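Structure file final-v1.cif (mmCIF, C-alpha atoms) follows.
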data_structure
#
loop_
_atom_site.label_atom_id
_atom_site.label_comp_id
_atom_site.auth_asym_id
_atom_site.auth_seq_id
_atom_site.Cartn_x
_atom_site.Cartn_y
_atom_site.Cartn_z
CA MET A 1217 87.79 86.65 80.66
CA SER A 1218 88.65 83.09 79.51
CA LYS A 1219 88.99 84.40 75.96
CA HIS A 1220 91.83 86.71 77.04
CA ARG A 1221 93.51 84.40 79.56
CA GLY A 1222 96.72 84.22 77.53
CA PHE A 1223 96.92 88.01 77.31
CA ALA A 1224 96.37 88.34 81.06
CA LEU A 1225 99.09 85.80 81.87
CA LEU A 1226 101.72 87.18 79.50
CA SER A 1227 101.13 90.81 80.44
CA SER A 1228 101.34 89.90 84.15
CA VAL A 1229 104.71 88.21 83.64
CA ALA A 1230 105.94 91.08 81.45
CA PHE A 1231 105.13 93.76 84.02
CA ALA A 1232 106.56 91.64 86.86
CA LEU A 1233 109.88 91.51 84.97
CA LEU A 1234 109.72 95.26 84.41
CA TYR A 1235 109.40 95.91 88.15
CA ALA A 1236 112.13 93.37 88.93
CA GLU A 1237 114.59 95.10 86.57
CA LEU A 1238 113.92 98.40 88.30
CA GLY A 1239 114.64 96.82 91.67
CA LEU A 1240 117.90 95.32 90.44
CA PHE A 1241 119.05 98.68 89.07
CA LEU A 1242 118.17 100.47 92.30
CA HIS A 1243 120.18 97.98 94.33
CA LEU A 1244 123.23 98.06 92.06
CA HIS A 1245 123.19 101.85 91.87
CA TRP A 1246 122.60 102.75 95.54
CA ARG A 1247 123.74 99.66 97.43
CA ALA A 1248 121.76 100.62 100.52
CA ARG A 1249 121.00 97.01 101.51
CA SER A 1250 122.85 93.72 101.48
CA ASP A 1251 122.55 91.41 98.48
CA SER A 1252 120.35 89.01 100.44
CA GLU A 1253 117.99 91.78 101.58
CA ALA A 1254 117.84 93.09 98.03
CA ALA A 1255 117.05 89.62 96.67
CA VAL A 1256 114.15 89.29 99.11
CA ALA A 1257 112.80 92.77 98.28
CA ILE A 1258 113.07 92.30 94.49
CA GLY A 1259 111.69 88.75 94.64
CA THR A 1260 108.76 89.94 96.75
CA ALA A 1261 108.05 92.75 94.29
CA PHE A 1262 108.11 90.28 91.39
CA VAL A 1263 105.63 87.95 93.09
CA VAL A 1264 103.39 90.82 94.21
CA VAL A 1265 103.22 92.24 90.68
CA LEU A 1266 102.70 88.83 89.08
CA LEU A 1267 99.86 87.89 91.42
CA GLY A 1268 98.40 91.40 91.60
CA TYR A 1269 98.23 91.82 87.84
CA GLY A 1270 96.80 88.33 87.47
CA LEU A 1271 94.09 89.06 90.04
CA SER A 1272 93.38 92.44 88.45
CA PHE A 1273 91.83 90.64 85.48
CA MET A 1274 89.41 88.65 87.63
CA PRO A 1275 86.67 91.35 87.67
CA ALA A 1276 86.50 91.16 83.85
CA ARG A 1277 83.64 88.67 83.75
CA THR A 1278 80.75 88.11 81.38
CA PHE A 1279 77.44 89.85 82.11
CA THR A 1280 74.13 90.71 80.50
CA VAL A 1281 72.38 94.06 80.23
CA LYS A 1282 68.74 94.40 79.25
CA GLY A 1283 68.32 96.26 75.96
CA VAL A 1284 71.95 95.98 74.89
CA GLU A 1285 70.88 94.46 71.57
CA GLN A 1286 69.26 97.78 70.67
CA GLN A 1287 71.83 100.07 72.33
CA GLY A 1288 75.29 98.63 72.85
CA SER A 1289 76.45 101.57 74.96
CA LEU A 1290 74.25 100.31 77.81
CA ALA A 1291 77.07 97.86 78.61
CA LEU A 1292 79.62 100.64 79.10
CA PRO A 1293 78.93 101.34 82.81
CA GLU A 1294 79.55 97.69 83.72
CA LEU A 1295 82.65 97.49 81.54
CA ILE A 1296 84.04 100.67 83.09
CA ALA A 1297 83.24 99.38 86.59
CA GLN A 1298 85.13 96.15 85.88
CA MET A 1299 88.07 98.11 84.48
CA GLY A 1300 88.06 100.33 87.56
CA LYS A 1301 88.35 97.32 89.86
CA GLY A 1302 91.26 96.01 87.82
CA ALA A 1303 92.93 99.42 87.88
CA GLY A 1304 92.48 99.56 91.64
CA ALA A 1305 94.33 96.26 92.03
CA ILE A 1306 97.24 97.60 89.97
CA VAL A 1307 97.40 100.75 92.11
CA VAL A 1308 97.59 98.61 95.24
CA VAL A 1309 100.42 96.59 93.67
CA SER A 1310 102.27 99.80 92.81
CA VAL A 1311 101.97 101.17 96.34
CA ILE A 1312 103.39 97.95 97.77
CA CYS A 1313 106.31 98.03 95.31
CA LEU A 1314 106.90 101.71 96.06
CA GLU A 1315 107.31 100.93 99.75
CA LEU A 1316 109.55 97.93 99.02
CA TYR A 1317 111.86 99.92 96.77
CA LEU A 1318 112.03 102.91 99.07
CA TYR A 1319 113.23 100.47 101.72
CA LEU A 1320 115.63 98.89 99.21
CA THR A 1321 117.29 102.26 98.59
CA GLY A 1322 117.48 103.14 102.28
CA PHE A 1323 114.86 105.88 101.85
CA ASN A 1324 117.41 107.96 99.97
CA PRO A 1325 115.57 111.11 98.76
CA VAL A 1326 117.43 111.12 95.41
CA ALA A 1327 116.61 107.46 94.85
CA ALA A 1328 113.01 108.13 95.89
CA TYR A 1329 112.61 110.40 92.89
CA SER A 1330 113.63 107.61 90.52
CA VAL A 1331 111.45 105.06 92.31
CA LEU A 1332 108.37 107.27 92.27
CA ASN A 1333 108.88 108.34 88.66
CA ASN A 1334 109.29 104.81 87.35
CA ILE A 1335 106.47 103.25 89.33
CA TYR A 1336 104.11 106.07 88.35
CA VAL A 1337 104.81 105.43 84.65
CA PHE A 1338 104.50 101.66 85.12
CA THR A 1339 101.15 102.14 86.86
CA LEU A 1340 99.75 104.32 84.09
CA ALA A 1341 100.95 101.82 81.49
CA GLY A 1342 99.53 98.91 83.45
CA VAL A 1343 96.12 100.51 83.71
CA GLY A 1344 96.00 102.03 80.23
CA LEU A 1345 97.70 99.38 78.13
CA THR A 1346 96.29 96.28 79.79
CA HIS A 1347 92.88 97.15 81.18
CA GLY A 1348 92.19 100.14 78.96
CA LEU A 1349 92.84 98.30 75.71
CA MET A 1350 91.25 95.07 76.94
CA THR A 1351 88.08 96.96 77.86
CA TYR A 1352 88.12 98.59 74.43
CA VAL A 1353 88.50 95.18 72.76
CA ARG A 1354 85.64 93.72 74.80
CA TYR A 1355 83.41 96.66 73.97
CA GLY A 1356 84.28 96.34 70.28
CA ALA A 1357 83.37 92.65 70.37
CA LEU A 1358 80.03 93.49 71.96
CA LEU A 1359 79.20 96.13 69.36
CA TYR A 1360 80.14 93.70 66.59
CA ALA A 1361 77.90 91.02 68.09
CA VAL A 1362 74.88 93.35 68.12
CA LYS A 1363 75.70 94.79 64.65
CA GLN A 1364 76.45 98.29 65.96
CA ASP A 1365 80.17 98.45 65.18
CA SER A 1366 81.73 101.13 62.97
CA TRP A 1367 85.12 100.51 61.38
CA ALA A 1368 85.63 104.22 60.81
CA LYS A 1369 85.41 104.81 64.56
CA VAL A 1370 87.59 101.79 65.31
CA LEU A 1371 90.33 103.01 62.96
CA SER A 1372 90.24 106.54 64.36
CA VAL A 1373 90.37 105.38 68.00
CA SER A 1374 93.07 102.76 67.41
CA GLY A 1375 95.08 105.22 65.36
CA GLY A 1376 94.81 107.81 68.12
CA VAL A 1377 95.94 105.27 70.71
CA GLY A 1378 98.93 104.38 68.54
CA LEU A 1379 99.96 108.01 68.20
CA LEU A 1380 99.58 108.52 71.95
CA ILE A 1381 101.81 105.53 72.71
CA LEU A 1382 104.43 106.69 70.20
CA SER A 1383 104.53 110.30 71.41
CA THR A 1384 104.59 109.29 75.08
CA THR A 1385 107.40 106.82 74.46
CA GLN A 1386 109.47 109.44 72.64
CA PHE A 1387 108.94 111.91 75.50
CA LEU A 1388 110.00 109.37 78.15
CA ILE A 1389 113.06 108.31 76.16
CA LYS A 1390 114.15 111.95 75.88
CA LEU A 1391 113.83 112.37 79.65
CA ASP A 1392 115.92 109.25 80.21
CA ILE A 1393 118.63 110.41 77.80
CA ASP A 1394 118.79 113.79 79.55
CA TRP A 1395 119.12 111.99 82.90
CA LEU A 1396 121.89 109.77 81.50
CA ASN A 1397 123.83 112.72 80.08
CA ALA A 1398 123.62 114.58 83.39
CA ALA A 1399 124.87 111.61 85.44
CA PRO A 1400 128.50 111.40 86.61
CA VAL A 1401 130.73 109.62 84.11
CA ALA A 1402 131.51 106.86 86.60
CA THR A 1403 127.83 105.86 86.77
CA GLN A 1404 126.88 106.32 83.13
CA GLY A 1405 127.64 102.69 82.25
CA LEU A 1406 125.15 101.24 84.73
CA ILE A 1407 122.56 103.96 84.14
CA GLY A 1408 122.94 103.61 80.37
CA LEU A 1409 122.34 99.86 80.50
CA HIS A 1410 119.29 100.43 82.68
CA VAL A 1411 117.88 103.26 80.58
CA TYR A 1412 118.32 101.71 77.15
CA GLY A 1413 117.50 98.19 78.27
CA ARG A 1414 114.36 99.22 80.12
CA ASP A 1415 113.20 101.61 77.40
CA ALA A 1416 113.67 99.00 74.67
CA TYR A 1417 111.79 96.44 76.75
CA PHE A 1418 109.04 98.88 77.69
CA PHE A 1419 108.53 100.05 74.10
CA THR A 1420 108.46 96.45 72.86
CA LEU A 1421 105.90 95.57 75.53
CA ALA A 1422 103.71 98.54 74.60
CA LEU A 1423 103.98 97.63 70.92
CA ALA A 1424 103.11 93.99 71.60
CA ILE A 1425 100.00 94.94 73.59
CA TYR A 1426 98.98 97.43 70.91
CA LEU A 1427 99.37 94.79 68.18
CA TRP A 1428 97.37 92.34 70.29
CA HIS A 1429 94.54 94.87 70.46
CA LEU A 1430 94.69 95.40 66.67
CA ARG A 1431 94.53 91.68 66.00
CA SER A 1432 91.67 91.23 68.46
CA MET A 1433 89.68 94.06 66.88
CA ALA A 1434 90.32 92.66 63.40
CA ASN A 1435 89.06 89.21 64.46
CA HIS A 1436 85.67 90.51 65.54
#

Once you've parsed the file, please lay out its structure as structure tokens.
Amino acid sequence: MSKHRGFALLSSVAFALLYAELGLFLHLHWRARSDSEAAVAIGTAFVVVLLGYGLSFMPARTFTVKGVEQQGSLALPELIAQMGKGAGAIVVVSVICLELYLYLTGFNPVAAYSVLNNIYVFTLAGVGLTHGLMTYVRYGALLYAVKQDSWAKVLSVSGGVGLLILSTTQFLIKLDIDWLNAAPVATQGLIGLHVYGRDAYFFTLALAIYLWHLRSMANH
């Protein structure tokens, strides 16, 4: 895990900011709580995400498996188990933030849809982009160390991941644009800033993590 400490720290901060922006938008749009209550809720969410994501990388520790030098795939069960523990921590973080933001919006059923939708996407991205790609990088390093790597497979998997990120991002942006166009004119300014700002940030974050994985695979 020490090898990827910088990645763990930066991705934790990046996702904490993503959750904080969502909280700020929810407060400005629905105004269900006072500014002081909102500050406490958003600040708590930021700290919870920052610490939770940081702790989610702790299970990613070094280990040994008998016979891995002859068959690298023997390490997969342990790698998947470590990733599962990290993913579990992110799910816990998301549930806490979900409850905080439902409170922030006064449990408004319309706001709840936006809260649930956003946090669900953030959770999938947190699990897939951070722990999924980090596990893939660690497995690739292992296969390289035992001389069982295949660049043809690496290129096909990494290319597939890139296409998945691109297509998913395009789909989510389309949904956001449809939501913006359907919103009342009086609220389109705030929603537009949120939608385009968040989407640009989210796509940049996904791209940065993807490029990190490419560089890490190339350095093996």

message = Please list, as a PyMOL selection string, the residues that have an atom at most 12 Å away from (120.5, 99.1, 89.1) in the coordinates of this file, counting all atoms listed in the file.
response = chain A and resi 1235-1248+1254+1258+1317+1320-1321+1327+1330-1331+1403-1411+1413-1414

task = To one decimal in Å, tell me the separation between CA of Val1308 (chain A) and CA of Thr1351 (chain A).
result = 19.9 Å

query = Written as a count of residues only, which residues does the PyMOL selection byres ((chain A and resi 1288-1297) around 9) give for the file shown?
reply = 23

request  = Between CA of Thr1385 (chain A) and CA of Phe1419 (chain A), measure the distance and give it in Å to one decimal.
outcome  = 6.9 Å

key: Non-local contacts of Ala1305 (chain A) (8 Å; all atoms listed in the file; under 4 positions in same chain excluded) as number ranges by chain   = A: 1268-1269, 1271-1272, 1301, 1309

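When CA of Tyr1426 (chain A) is paired with CA of Gly1378 (chain A), their separation reads 7.3 Å.
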
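Surrounding residues of (94.6, 88.0, 79.9) at most 10 Å away are Met1217, Ser1218, Lys1219, His1220, Arg1221, Gly1222, Phe1223, Ala1224, Leu1225, Leu1226, Ser1227, Ser1228, Tyr1269, Gly1270, Ser1272, Phe1273, Met1274, Ala1276, Thr1346, His1347 and Met1350 of chain A (based on all atoms listed in the file).
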
task = May I ask which of the residues A:Ala1424, A:Leu1382, A:Leu1391, A:Ala1361 is the closest one to Asn1334 (chain A), counting all atoms listed in the file?
result = A:Leu1391

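Minimum atom-to-atom distance to Leu1340 (chain A), evaluated using all atoms listed in the file, belongs to A:Phe1231 out of A:Ala1257, A:Phe1231, A:Leu1427, A:Ala1402.
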
key: Contact residues around Val1370 (chain A) with all atoms listed in the file at 9 Å, ignoring same-chain residues under 5 positions, as a PyMOL selection string   = chain A and resi 1356+1365+1375+1433
